[in-house]
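> Take a look at the following structure, please.
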Amino acid sequence: MSILIKDTTKEEREKIVAEAIGNINGSCDGCMPGLAEMYQEYIDGKKEIREINMQFVARYESGSGMNDRGNCAYSI
C-alpha cells in the first residue's frame with residue numbers, strides 16, 4: 001500500500017498517521033500531540049511524510065528550534 005499523497009485520500013492519511021503514532025492521549029511526556037501536529041501538512045496533502053521526517057531530522061541534528069520545547073523535539 002502506498003502512503004504517498006497522490007495515492008491516498010485525506011481520510012486515509014489521517015488513519016495512517018493515527019496508526020503510526022498510536023494513542024496520543026496516553027502520552028506521559030506531552031510530546032505525542034505535537035507529533036500529530038507535525039504530520040498535519042501530510043494529512044492536508046501539502047507535504048509527503050518523507051519531507052516532514054527529513055525536516056525533523058535536520059532540525060534535531062542541528063539543534064535549531066529545540067530549546068522552546070524542553071525535552072520534546074517535534075517542533076518544526
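Simple scheme: letters A, B, ... for chains in C-alpha cells order, numbers from 1 for residues in each chain, numbers from 1 for ligands in the order shown.
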What lies within 10 Å of stretch 12-16 of chain A using only C-alpha atoms, ignoring chain neighbours under 2 positions off, as a ChimeraX atom specification?
/A:3-5,7-10,18-21,36,39-40,42-45,49
> Enter the distance from atom CA of A:Phe56 to atom CA of A:Val17, in Å, rounded to one decimal.
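So the two atoms, atom CA of A:Phe56 and atom CA of A:Val17, lie 15.6 Å apart.
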> For atom CA of A:Glu37 and atom CA of A:Met1, quote the distance in Å rounded to one decimal.
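Value for the atom CA of A:Glu37-atom CA of A:Met1 distance: 23.5 Å.
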> How many Å separate atom CA of A:Arg50 from atom CA of A:Lys6?
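Going from atom CA of A:Arg50 over to atom CA of A:Lys6 covers 13.7 Å.
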